[in-house]
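Down below is the structure, laid out as structure tokens.
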Protein chains: 2
Amino acid sequence: MTEMNQTLSVFALGGVYEIGKNMYGIQYEDDIIVIDCGSKFPDESLLGIDLIIPDIAYLKENQDKVRALIITHGHEDHIGGIPYILKQLNMPIYATQLTLGLIDVKLKEHGLLRDTVSARIDANSILTLGAFTISFYQTNHSIPDCLGVVVDTPLGTVVHTGDFKFDLTPVNRQSPDIHRMAEIGQRGVLALLSESTNAERPGFTPSENQVGEHLMEAFMRAKQKIIVSTFASNVNRLQQVIDASAMTDRKVTLLGRSMVNVVEIAAEHGYLQVPDGLIVEIDEAMKMKPHRVTILCTGSQGEPMAALARLSTGSARNAKINRGDTVILASSPIPGNERAVARIIDNLFILGAKVIYGPGKGLHVSGHGSQEELKLMLTLMKPKYFIPIHGEYRMLYQHRLLAESLGIEQERVFIINLGDVVDITADSAVQRRKISAGNTLVDGLGIGVGSMLLRDRKHLSEDGIIVVVVTRSKADGTVLSGPDLISRGFVYSRGEGEDLMSASSKIAADAIARLQEEHVNEWNRLKQSLKESIGQFLYAKTKKRPMILPIIMDI
Amino acid sequence: MTEMNQTLSVFALGGVYEIGKNMYGIQYEDDIIVIDCGSKFPDESLLGIDLIIPDIAYLKENQDKVRALIITHGHEDHIGGIPYILKQLNMPIYATQLTLGLIDVKLKEHGLLRDTVSARIDANSILTLGAFTISFYQTNHSIPDCLGVVVDTPLGTVVHTGDFKFDLTPVNRQSPDIHRMAEIGQRGVLALLSESTNAERPGFTPSENQVGEHLMEAFMRAKQKIIVSTFASNVNRLQQVIDASAMTDRKVTLLGRSMVNVVEIAAEHGYLQVPDGLIVEIDEAMKMKPHRVTILCTGSQGEPMAALARLSTGSARNAKINRGDTVILASSPIPGNERAVARIIDNLFILGAKVIYGPGKGLHVSGHGSQEELKLMLTLMKPKYFIPIHGEYRMLYQHRLLAESLGIEQERVFIINLGDVVDITADSAVQRRKISAGNTLVDGLGIGVGSMLLRDRKHLSEDGIIVVVVTRSKADGTVLSGPDLISRGFVYSRGEGEDLMSASSKIAADAIARLQEEHVNEWNRLKQSLKESIGQFLYAKTKKRPMILPIIMDI
């Protein structure tokens, strides 16, 4: 029997009030399990930053309690943080075969393969980790081998849905295990963590196999090369491109590192059925008759260095798009990528390609369940408490409204921010405590970039920098050389810029002379005076505020 | 009668292969007329840039030929370049009343009002300018007082549609003058320049009055304050907000400078019907009962300094959003603004507001005609030659496909890029010549920023800068002081960063010593050596390539 003061805690280190970098924790006394370890891409305000991962200070403080890292599926927003996080805190990883294959590529890149403990699980596995017994159920999404996680705790069952849709006619026959979900719900669910990505979208998300039908139509009509760009990880979509190619007697060639990686891993483990000899090298493909070739490539999100972008500007090394080729964008732009994708479509049209893109063409379906599917999940699970996860605030909020429409009152729903903890006891649940959580910025090889540095980068990026160098005699403070002004990113020392810089030099010299008259010698006073006098002058002339960096050398 | 060698030339200085900064030219021998003079906003790759305007080198070279600048309507992408362009080339401006009112605000800001010649026209005006006779027809769009331009030339009639839709039930009763368009087409159109913004969108754009119905429904349901955010220039939508407020017994208060400006100008000239006493100051409104107040504000595109963004973060000076208030986004995000708008919606939900947003709510309709309307225009005008304008390449391309579907063969359609000229004679039209054209970047008070400067800013923004200062004796080249290293935007000289910087210092000192041993004294060799040695070291350690700026002082 549970005692009154026993507490089960659920918290998010990533994935709420945001899209991406999913990471959730479930703690019961001295046992913690972690679910997912994602990354997300920075927006354009985070200058020079490569990646954002969760801040795991709380887990590091409690590292002796962390029993496992369980991964629901192999997308970047669920596995992308693993190599960076493992360097801070080693945890045993549990994941399905395909997911582990994708994780291993990362561990290899970071030289972590040897020191990482990982175990392959499937939908029938049962793990006993400290106070927890963990089981799984099969679900579907835009990558194979996805799991929902069922955590039996001394206080009751917690279910984490992972990402899911109810695709009842899945391409790979990995159907959502509705019977198992019904059984879990029937047995009783204390708390449900369910994903909210499409909580704003009415209806029921179409089946992936609808994409296959539209692909086939496009393939039947194409008279020359076909180029299909999609997410490399969407193995079921890749399967449908391969099938359409085989049916129309085309060979398939792969462009882009992640496309080659995924196809290799997926084919090796049987997630992708590739007829012998169907896949050929790019050089061979380019020698074949155009109507016998499909290029399957990365870059559907407009990434400037990926295969599709390079093809669209004619700068791909081995392949070329010709007038009359068909380009299919089997994807839709993730918010923020619209302009980059539009630029590529423009360039493809300029090359004379027939481009098939945009909504209404049926060449993309979401991997996430829409409102009716979210309601179906809530209905199956009948949770006592509900914590919407995976989404920005408005999505979590809409998901709460859906729960309310099913009779789950607002008091039983917890919208949590990063670090918020829901503490559940035998007779209550409260959200009062906070643990440390947030963004860790990855920049080159460095982990953890401060806000000061980003402020400087923003300043430099908009207004540039002016370096002012003065050499003085250590003996009496007379100026031996300078002030010399050098600018970068502000104006060039030609024409109009030249006048501006020489006037600034004059102002700097005056500022130095003024302080010398007053017999003021301190560096700080001099630096301040140079910054102010040059800054004010340039702002009046240009409405710009370059960073001014005075360097004083006393020798 | 026209002679064989007489040529009519049509060209674009802005607005094709792009959205925004519209500017077109029509030339016949020594007469040029210019249509529109827009600006556009830079994308995030143009660091520190405020605005993009057309490069008018060609017009400056031919300034004695330029007869007029004709403005089709008062949106920024048609008038935003005017103050910057007029400083380079003074032209008489012809525009309708409302358009002139909006232009005058800009001219005043730039101190240009006195030196600018402008003339008010309307749909019935006729201008004779050199070889041209210019008339107009009324059209509709998301701002009142829009014109199509009909240019009679010695070789035939050229029609420029401006922006248009066929709103047959317009809010302000400015109906599209279909009879006049039919008559123009019947008389014969040599060349049609027609806008392509919605050429990718099937169907017929709904009437603006549909927005009014949905606004009214939302107003009837709201129990507290209503905040409506929309484009300030959409006077007809403002009218519908004012009408809905009057009907539900609410006062209206205005937030945002451009909202106040537009309402003032539009009400003064009768484009907006405002009942006496309906508009109140914000301080007064905040003292009234919430269900008696509508706040009409700017910022529907997520602009971080605009009224809606400030309201959403609780940082507006005079106004506050409370739990239960209704916020209506009567707009849809322009591509590129999706994330900023989503952030605001999240913040509004967090404040407890009911937010009405997104497609399917009927609170926004486009101001541009969809495919059926573009086909209607082509059908009415029956042009001999067709030049799709206003749009990125894929839109111009789709517009060409629409023309083809109406029997206008590809040979008669000219997709032109900036600077391309279509030369039309009595019996042919060719696109072979190019005049100079492109983007002029406005940065602070400066006009014309080079690509080198932008490359530097990008470099600085991602990897920062390291300044290396060395002082040497002019006499014998011995180092008197340094190398001193100062970094900005790269790493801070603390902890890990400190080690990195002192190691770099050591490497710089070694590089200097090595050259001294070889008795190499030239600045360039020393600078090169410092850049290479520090650069290689830091890249190996951090995978970042900061800008390295060596400064050598010989004294």
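Residues are named by chain letter and number: chains run A, B, ... in the order of the structure tokens, numbers start at 1 in each chain, and ligands are numbered from 1 in the order shown.
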
At most 10 Å is the cut-off: for each residue in range 314-368 of chain A with any atom that close to an atom of range 132-153 of chain A, write down the nearest atom pair and the distance in Å rounded to one decimal, counting only C-alpha atoms, chain first then increasing number, as JSON lines.
{"residue": "A:Val365", "atom": "CA", "partner": "A:Ser142", "partner_atom": "CA", "distance": 8.9}
{"residue": "A:Ser366", "atom": "CA", "partner": "A:Ser142", "partner_atom": "CA", "distance": 7.5}
{"residue": "A:Gly367", "atom": "CA", "partner": "A:Ser142", "partner_atom": "CA", "distance": 4.6}
{"residue": "A:His368", "atom": "CA", "partner": "A:His141", "partner_atom": "CA", "distance": 6.4}

> For chain A against chain B, which residues fall within 8 Å using only C-alpha atoms, given as a PyMOL selection string?
Replying inline: chain A and resi 44+47-49+335-339+345-347+349-350+392-394+397+444-446+453-458+460-464+480-481+488-492+541-544+553+555

Just-selected residues, C-alpha atoms written as a PDB file, in the first residue's frame:
ATOM      1  CA  GLU A  44      18.309  33.424 -36.376  1.00  0.00           C
ATOM      2  CA  LEU A  47      24.117  34.051 -33.953  1.00  0.00           C
ATOM      3  CA  GLY A  48      26.779  31.449 -34.624  1.00  0.00           C
ATOM      4  CA  ILE A  49      25.026  28.780 -32.548  1.00  0.00           C
ATOM      5  CA  PRO A 335       7.861  27.047 -39.747  1.00  0.00           C
ATOM      6  CA  GLY A 336      10.868  29.292 -40.275  1.00  0.00           C
ATOM      7  CA  ASN A 337      12.036  27.457 -43.414  1.00  0.00           C
ATOM      8  CA  GLU A 338       9.399  28.808 -45.826  1.00  0.00           C
ATOM      9  CA  ARG A 339      11.609  31.399 -47.503  1.00  0.00           C
ATOM     10  CA  ILE A 345      11.514  26.172 -55.895  1.00  0.00           C
ATOM     11  CA  ASP A 346      12.187  29.406 -57.795  1.00  0.00           C
ATOM     12  CA  ASN A 347      15.620  28.181 -58.826  1.00  0.00           C
ATOM     13  CA  PHE A 349      11.647  26.513 -62.138  1.00  0.00           C
ATOM     14  CA  ILE A 350      14.386  28.723 -63.590  1.00  0.00           C
ATOM     15  CA  GLU A 392       4.669  25.582 -27.887  1.00  0.00           C
ATOM     16  CA  TYR A 393       2.301  27.064 -25.330  1.00  0.00           C
ATOM     17  CA  ARG A 394      -0.639  27.562 -27.691  1.00  0.00           C
ATOM     18  CA  TYR A 397      -3.260  25.054 -24.376  1.00  0.00           C
ATOM     19  CA  GLY A 444      31.472  24.657 -32.674  1.00  0.00           C
ATOM     20  CA  LEU A 445      32.964  22.196 -30.230  1.00  0.00           C
ATOM     21  CA  GLY A 446      31.921  24.246 -27.204  1.00  0.00           C
ATOM     22  CA  LEU A 453      28.727  36.635 -26.064  1.00  0.00           C
ATOM     23  CA  LEU A 454      25.501  36.545 -28.087  1.00  0.00           C
ATOM     24  CA  ARG A 455      24.845  40.203 -27.342  1.00  0.00           C
ATOM     25  CA  ASP A 456      28.298  41.050 -28.661  1.00  0.00           C
ATOM     26  CA  ARG A 457      27.700  39.007 -31.803  1.00  0.00           C
ATOM     27  CA  LYS A 458      24.387  40.743 -32.413  1.00  0.00           C
ATOM     28  CA  LEU A 460      28.880  43.243 -34.278  1.00  0.00           C
ATOM     29  CA  SER A 461      26.501  41.822 -36.886  1.00  0.00           C
ATOM     30  CA  GLU A 462      24.406  44.972 -37.143  1.00  0.00           C
ATOM     31  CA  ASP A 463      26.843  47.815 -36.673  1.00  0.00           C
ATOM     32  CA  GLY A 464      30.358  46.355 -36.897  1.00  0.00           C
ATOM     33  CA  LEU A 480      53.930  57.771 -29.304  1.00  0.00           C
ATOM     34  CA  SER A 481      51.636  56.543 -32.045  1.00  0.00           C
ATOM     35  CA  ARG A 488      35.277  45.955 -39.788  1.00  0.00           C
ATOM     36  CA  GLY A 489      31.606  45.583 -40.681  1.00  0.00           C
ATOM     37  CA  PHE A 490      30.961  49.300 -40.203  1.00  0.00           C
ATOM     38  CA  VAL A 491      32.134  51.328 -43.202  1.00  0.00           C
ATOM     39  CA  TYR A 492      35.070  50.885 -45.501  1.00  0.00           C
ATOM     40  CA  LYS A 541      26.360  61.029 -38.807  1.00  0.00           C
ATOM     41  CA  THR A 542      25.064  57.515 -39.562  1.00  0.00           C
ATOM     42  CA  LYS A 543      22.427  56.468 -36.995  1.00  0.00           C
ATOM     43  CA  LYS A 544      24.633  53.404 -36.389  1.00  0.00           C
ATOM     44  CA  MET A 553      49.537  50.321 -25.125  1.00  0.00           C
ATOM     45  CA  ILE A 555      55.498  51.132 -23.445  1.00  0.00           C
TER      46      ILE A 555
END

> Neighbours of range 108-110 of chain B within 9 Å (only C-alpha atoms; same-chain residues fewer than 4 positions away dropped), as a ChimeraX atom specification?
Replying inline: /B:83-84,103-104,114

Residues within 6 Å of range 21-36 of chain B, please, as a compact mmCIF listing (two decimals) with N, CA, C and O atoms, in the first residue's frame. Count only C-alpha atoms; anything in the same chain fewer than 6 positions from it doesn't count.
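Generated file (selection-v7.txt):
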# COMPACT_ATOMS: atom_id res chain seq x y z
N LEU B 8 9.22 50.70 -78.36
CA LEU B 8 8.67 50.95 -77.04
C LEU B 8 9.32 49.94 -76.10
O LEU B 8 9.33 48.75 -76.39
N SER B 9 9.89 50.43 -75.00
CA SER B 9 10.61 49.52 -74.10
C SER B 9 9.94 49.47 -72.74
O SER B 9 9.54 50.50 -72.20
N VAL B 10 9.84 48.27 -72.23
CA VAL B 10 9.27 48.07 -70.90
C VAL B 10 10.31 47.35 -70.05
O VAL B 10 10.93 46.39 -70.51
N PHE B 11 10.53 47.85 -68.84
CA PHE B 11 11.53 47.19 -67.98
C PHE B 11 11.13 47.28 -66.52
O PHE B 11 10.26 48.09 -66.15
N ALA B 12 11.76 46.42 -65.71
CA ALA B 12 11.49 46.41 -64.26
C ALA B 12 12.75 46.77 -63.52
O ALA B 12 13.82 46.22 -63.77
N LEU B 13 12.64 47.72 -62.59
CA LEU B 13 13.76 48.02 -61.67
C LEU B 13 13.52 47.37 -60.31
O LEU B 13 14.39 47.39 -59.45
N GLY B 14 12.32 46.82 -60.13
CA GLY B 14 12.01 46.13 -58.87
C GLY B 14 10.68 45.46 -58.98
O GLY B 14 9.82 45.91 -59.74
N GLY B 15 10.49 44.35 -58.24
CA GLY B 15 9.17 43.71 -58.20
C GLY B 15 9.07 42.41 -58.95
O GLY B 15 8.05 41.73 -58.83
N ILE B 53 15.87 49.19 -51.49
CA ILE B 53 15.16 49.99 -52.50
C ILE B 53 15.77 49.68 -53.87
O ILE B 53 16.85 49.08 -53.95
N LYS B 65 15.05 62.49 -69.37
CA LYS B 65 13.93 61.84 -70.08
C LYS B 65 12.78 61.46 -69.15
O LYS B 65 11.68 61.15 -69.60
N VAL B 66 13.06 61.42 -67.85
CA VAL B 66 12.05 60.92 -66.91
C VAL B 66 10.95 61.97 -66.73
O VAL B 66 11.19 63.05 -66.23
N ARG B 67 9.73 61.62 -67.13
CA ARG B 67 8.62 62.58 -67.12
C ARG B 67 7.81 62.52 -65.83
O ARG B 67 7.20 63.52 -65.44
N ALA B 68 7.72 61.36 -65.21
CA ALA B 68 6.80 61.24 -64.07
C ALA B 68 7.03 59.96 -63.30
O ALA B 68 7.51 58.96 -63.84
N LEU B 69 6.67 60.04 -62.02
CA LEU B 69 6.57 58.84 -61.19
C LEU B 69 5.08 58.69 -60.86
O LEU B 69 4.50 59.54 -60.17
N ILE B 70 4.48 57.61 -61.37
CA ILE B 70 3.05 57.38 -61.14
C ILE B 70 2.92 56.28 -60.10
O ILE B 70 3.57 55.23 -60.21
N ILE B 71 2.10 56.53 -59.07
CA ILE B 71 1.98 55.55 -57.98
C ILE B 71 0.60 54.90 -58.04
O ILE B 71 -0.42 55.61 -58.05
N ASP B 77 5.36 48.59 -50.43
CA ASP B 77 6.07 48.01 -51.57
C ASP B 77 5.83 48.80 -52.86
O ASP B 77 6.34 48.43 -53.92
N HIS B 78 5.08 49.91 -52.73
CA HIS B 78 4.86 50.79 -53.89
C HIS B 78 5.29 52.23 -53.62
O HIS B 78 5.56 52.97 -54.55
N GLY B 130 5.01 63.87 -72.52
CA GLY B 130 5.82 63.53 -73.68
C GLY B 130 4.99 62.77 -74.69
O GLY B 130 3.88 63.19 -75.04

>> Give me, as an MDAnalysis selection string, the residues of range 277-461 of chain A that a backbone DSSP run labels helix (DSSP H, G or I).
In response: chainID A and resid 282:287 290:292 307:312 338:350 371:381 393:405 410:412 451:461

> In Å, with one decimal, what is the gap from CA of His73 in chain B to CA of Gln301 in chain B?
Replying inline: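 Atom-to-atom, CA of His73 in chain B and CA of Gln301 in chain B are spaced 20.7 Å apart.
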
>> Using only C-alpha atoms, which protein or nucleic acid residues come within 9 Å of range 377-379 of chain B? Drop anything in the same chain fewer than 6 positions from it, and give the result as a PyMOL selection string.
In response: chain B and resi 161+181-182+185+192+194+386+402-403+406

> DSSP on the backbone: what in range 23-188 of chain B comes out strand (DSSP E or B), as an MDAnalysis selection string?
Replying inline: chainID B and resid 23:28 31:35 40 51:54 66:70 93:95 118:120 126:129 132:140 146:153 156:160 165

Take the selection from the previous step and output its residues with N, CA and C atoms, as a short mmCIF file (atom, residue, chain, number, x, y, z; two decimals), in the first residue's frame.
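The result, stored in part_22.cif:
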data_model
loop_
_atom_site.label_atom_id
_atom_site.label_comp_id
_atom_site.auth_asym_id
_atom_site.auth_seq_id
_atom_site.Cartn_x
_atom_site.Cartn_y
_atom_site.Cartn_z
N MET B 23 8.92 48.66 -59.04
CA MET B 23 9.27 49.83 -59.83
C MET B 23 9.43 49.41 -61.29
N TYR B 24 8.62 50.02 -62.15
CA TYR B 24 8.62 49.65 -63.56
C TYR B 24 8.82 50.88 -64.41
N GLY B 25 9.40 50.68 -65.58
CA GLY B 25 9.63 51.80 -66.48
C GLY B 25 9.06 51.51 -67.86
N ILE B 26 8.52 52.55 -68.49
CA ILE B 26 8.06 52.46 -69.88
C ILE B 26 8.74 53.60 -70.63
N GLN B 27 9.45 53.25 -71.70
CA GLN B 27 10.21 54.26 -72.43
C GLN B 27 9.84 54.24 -73.91
N TYR B 28 9.66 55.43 -74.44
CA TYR B 28 9.50 55.58 -75.90
C TYR B 28 10.40 56.74 -76.31
N ASP B 31 11.24 59.72 -73.87
CA ASP B 31 10.30 59.85 -72.77
C ASP B 31 10.26 58.57 -71.94
N ILE B 32 10.41 58.76 -70.64
CA ILE B 32 10.30 57.62 -69.72
C ILE B 32 9.26 57.97 -68.67
N ILE B 33 8.34 57.02 -68.40
CA ILE B 33 7.55 57.17 -67.19
C ILE B 33 7.85 55.99 -66.26
N VAL B 34 7.81 56.29 -64.97
CA VAL B 34 8.12 55.30 -63.96
C VAL B 34 6.83 55.00 -63.21
N ILE B 35 6.55 53.72 -62.96
CA ILE B 35 5.36 53.35 -62.20
C ILE B 35 5.80 52.69 -60.89
N LYS B 40 11.48 47.08 -49.84
CA LYS B 40 11.17 45.81 -49.19
C LYS B 40 12.09 45.63 -48.00
N LEU B 51 16.49 48.49 -44.95
CA LEU B 51 15.53 48.57 -46.05
C LEU B 51 16.25 48.30 -47.36
N ILE B 52 15.52 47.78 -48.34
CA ILE B 52 16.06 47.60 -49.68
C ILE B 52 15.22 48.42 -50.65
N ILE B 53 15.87 49.19 -51.49
CA ILE B 53 15.16 49.99 -52.50
C ILE B 53 15.77 49.68 -53.87
N PRO B 54 15.10 50.07 -54.95
CA PRO B 54 15.65 49.77 -56.28
C PRO B 54 16.92 50.58 -56.56
N VAL B 66 13.06 61.42 -67.85
CA VAL B 66 12.05 60.92 -66.91
C VAL B 66 10.95 61.97 -66.73
N ARG B 67 9.73 61.62 -67.13
CA ARG B 67 8.62 62.58 -67.12
C ARG B 67 7.81 62.52 -65.83
N ALA B 68 7.72 61.36 -65.21
CA ALA B 68 6.80 61.24 -64.07
C ALA B 68 7.03 59.96 -63.30
N LEU B 69 6.67 60.04 -62.02
CA LEU B 69 6.57 58.84 -61.19
C LEU B 69 5.08 58.69 -60.86
N ILE B 70 4.48 57.61 -61.37
CA ILE B 70 3.05 57.38 -61.14
C ILE B 70 2.92 56.28 -60.10
N ILE B 93 5.47 63.55 -58.84
CA ILE B 93 4.72 62.36 -58.43
C ILE B 93 3.24 62.55 -58.74
N TYR B 94 2.62 61.51 -59.30
CA TYR B 94 1.17 61.52 -59.55
C TYR B 94 0.54 60.38 -58.76
N ALA B 95 -0.44 60.70 -57.92
CA ALA B 95 -1.07 59.66 -57.11
C ALA B 95 -2.44 60.14 -56.65
N SER B 118 4.09 67.28 -56.59
CA SER B 118 3.18 66.15 -56.67
C SER B 118 1.81 66.62 -57.12
N ALA B 119 1.11 65.74 -57.81
CA ALA B 119 -0.20 66.11 -58.34
C ALA B 119 -1.21 65.03 -57.98
N ARG B 120 -2.40 65.48 -57.55
CA ARG B 120 -3.44 64.53 -57.19
C ARG B 120 -4.21 64.11 -58.44
N ILE B 126 -6.57 62.34 -66.88
CA ILE B 126 -5.81 62.03 -68.11
C ILE B 126 -4.57 62.92 -68.12
N LEU B 127 -3.41 62.30 -68.28
CA LEU B 127 -2.15 63.05 -68.28
C LEU B 127 -1.51 62.93 -69.65
N THR B 128 -0.95 64.01 -70.13
CA THR B 128 -0.16 63.94 -71.35
C THR B 128 1.28 64.24 -70.97
N LEU B 129 2.12 63.25 -71.13
CA LEU B 129 3.51 63.37 -70.69
C LEU B 129 4.39 62.91 -71.84
N PHE B 132 3.42 60.13 -74.28
CA PHE B 132 2.42 59.28 -73.65
C PHE B 132 1.15 60.03 -73.29
N THR B 133 0.02 59.36 -73.44
CA THR B 133 -1.23 59.83 -72.84
C THR B 133 -1.63 58.77 -71.82
N ILE B 134 -1.80 59.22 -70.59
CA ILE B 134 -1.99 58.25 -69.53
C ILE B 134 -3.36 58.43 -68.90
N SER B 135 -4.11 57.33 -68.83
CA SER B 135 -5.40 57.35 -68.14
C SER B 135 -5.40 56.23 -67.11
N PHE B 136 -6.50 56.10 -66.38
CA PHE B 136 -6.52 55.18 -65.23
C PHE B 136 -7.86 54.46 -65.16
N TYR B 137 -7.90 53.41 -64.36
CA TYR B 137 -9.21 52.83 -64.04
C TYR B 137 -9.18 52.38 -62.59
N GLN B 138 -10.37 52.37 -62.00
CA GLN B 138 -10.48 52.03 -60.59
C GLN B 138 -10.39 50.52 -60.40
N THR B 139 -9.64 50.12 -59.36
CA THR B 139 -9.50 48.69 -59.09
C THR B 139 -9.59 48.53 -57.58
N ASN B 140 -9.67 47.32 -57.06
CA ASN B 140 -9.63 47.22 -55.61
C ASN B 140 -8.64 46.22 -55.07
N CYS B 146 -7.05 52.63 -55.29
CA CYS B 146 -6.06 51.95 -56.13
C CYS B 146 -6.37 52.15 -57.60
N LEU B 147 -5.32 52.28 -58.36
CA LEU B 147 -5.48 52.52 -59.79
C LEU B 147 -4.81 51.44 -60.63
N GLY B 148 -5.42 51.16 -61.79
CA GLY B 148 -4.71 50.54 -62.89
C GLY B 148 -4.28 51.66 -63.81
N VAL B 149 -3.15 51.49 -64.51
CA VAL B 149 -2.58 52.57 -65.33
C VAL B 149 -2.64 52.17 -66.80
N VAL B 150 -3.17 53.05 -67.62
CA VAL B 150 -3.32 52.79 -69.06
C VAL B 150 -2.45 53.80 -69.81
N VAL B 151 -1.42 53.32 -70.46
CA VAL B 151 -0.46 54.20 -71.12
C VAL B 151 -0.62 54.08 -72.62
N ASP B 152 -1.17 55.12 -73.23
CA ASP B 152 -1.27 55.11 -74.70
C ASP B 152 0.03 55.63 -75.26
N THR B 153 0.65 54.83 -76.14
CA THR B 153 1.94 55.19 -76.74
C THR B 153 1.75 55.20 -78.25
N GLY B 156 0.95 51.72 -79.34
CA GLY B 156 -0.21 50.98 -78.80
C GLY B 156 -0.32 51.22 -77.31
N THR B 157 -1.24 50.51 -76.70
CA THR B 157 -1.57 50.75 -75.30
C THR B 157 -0.87 49.74 -74.38
N VAL B 158 -0.24 50.26 -73.34
CA VAL B 158 0.34 49.41 -72.31
C VAL B 158 -0.50 49.56 -71.04
N VAL B 159 -0.92 48.43 -70.44
CA VAL B 159 -1.70 48.49 -69.21
C VAL B 159 -0.88 47.89 -68.05
N HIS B 160 -0.82 48.62 -66.95
CA HIS B 160 -0.18 48.13 -65.72
C HIS B 160 -1.30 48.00 -64.69
N LYS B 165 -7.72 42.87 -56.88
CA LYS B 165 -8.58 41.70 -56.80
C LYS B 165 -9.91 42.13 -57.41
#

>> List as a ChimeraX atom specification the protein and nucleic acid residues near Ile328 in chain A, meaning an atom at most 12 Å away when only C-alpha atoms are counted, but skip any in the same chain fewer than 4 places from it.
In response: /A:211,214-219,222,225-230,241,294-300,308,332,344-345,348,353-358,361-364

Could you name the residues that touch Asn172 in chain B at 9 Å or less, counting only C-alpha atoms, but leaving out those on the same chain fewer than 4 positions away, as a JSON list (two decimals) with N, CA and C atoms, in the first residue's frame?
[["chain", "number", "residue", "atom", "x", "y", "z"],
["B", 144, "PRO", "N", -7.74, 51.57, -49.95],
["B", 144, "PRO", "CA", -8.58, 52.27, -50.94],
["B", 144, "PRO", "C", -7.75, 53.02, -51.97],
["B", 236, "ASN", "N", -10.27, 49.54, -45.14],
["B", 236, "ASN", "CA", -11.59, 48.90, -45.14],
["B", 236, "ASN", "C", -11.76, 47.96, -43.96],
["B", 239, "GLN", "N", -12.37, 50.07, -41.02],
["B", 239, "GLN", "CA", -13.77, 50.51, -41.04],
["B", 239, "GLN", "C", -14.67, 49.44, -40.41],
["B", 271, "TYR", "N", -12.18, 58.50, -46.24],
["B", 271, "TYR", "CA", -12.07, 57.08, -46.55],
["B", 271, "TYR", "C", -12.55, 56.21, -45.39],
["B", 272, "LEU", "N", -12.67, 56.84, -44.23],
["B", 272, "LEU", "CA", -13.05, 56.12, -43.02],
["B", 272, "LEU", "C", -14.17, 56.91, -42.38]]

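In this structure, CA of Ala123 in chain B sits 26.1 Å away from CA of Gln210 in chain B.
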
>> I'd like the interatomic distance between CA of Ile534 in chain A and CA of Ile548 in chain A, to a tenth of an Å.
In response: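 The value is 7.9 Å.
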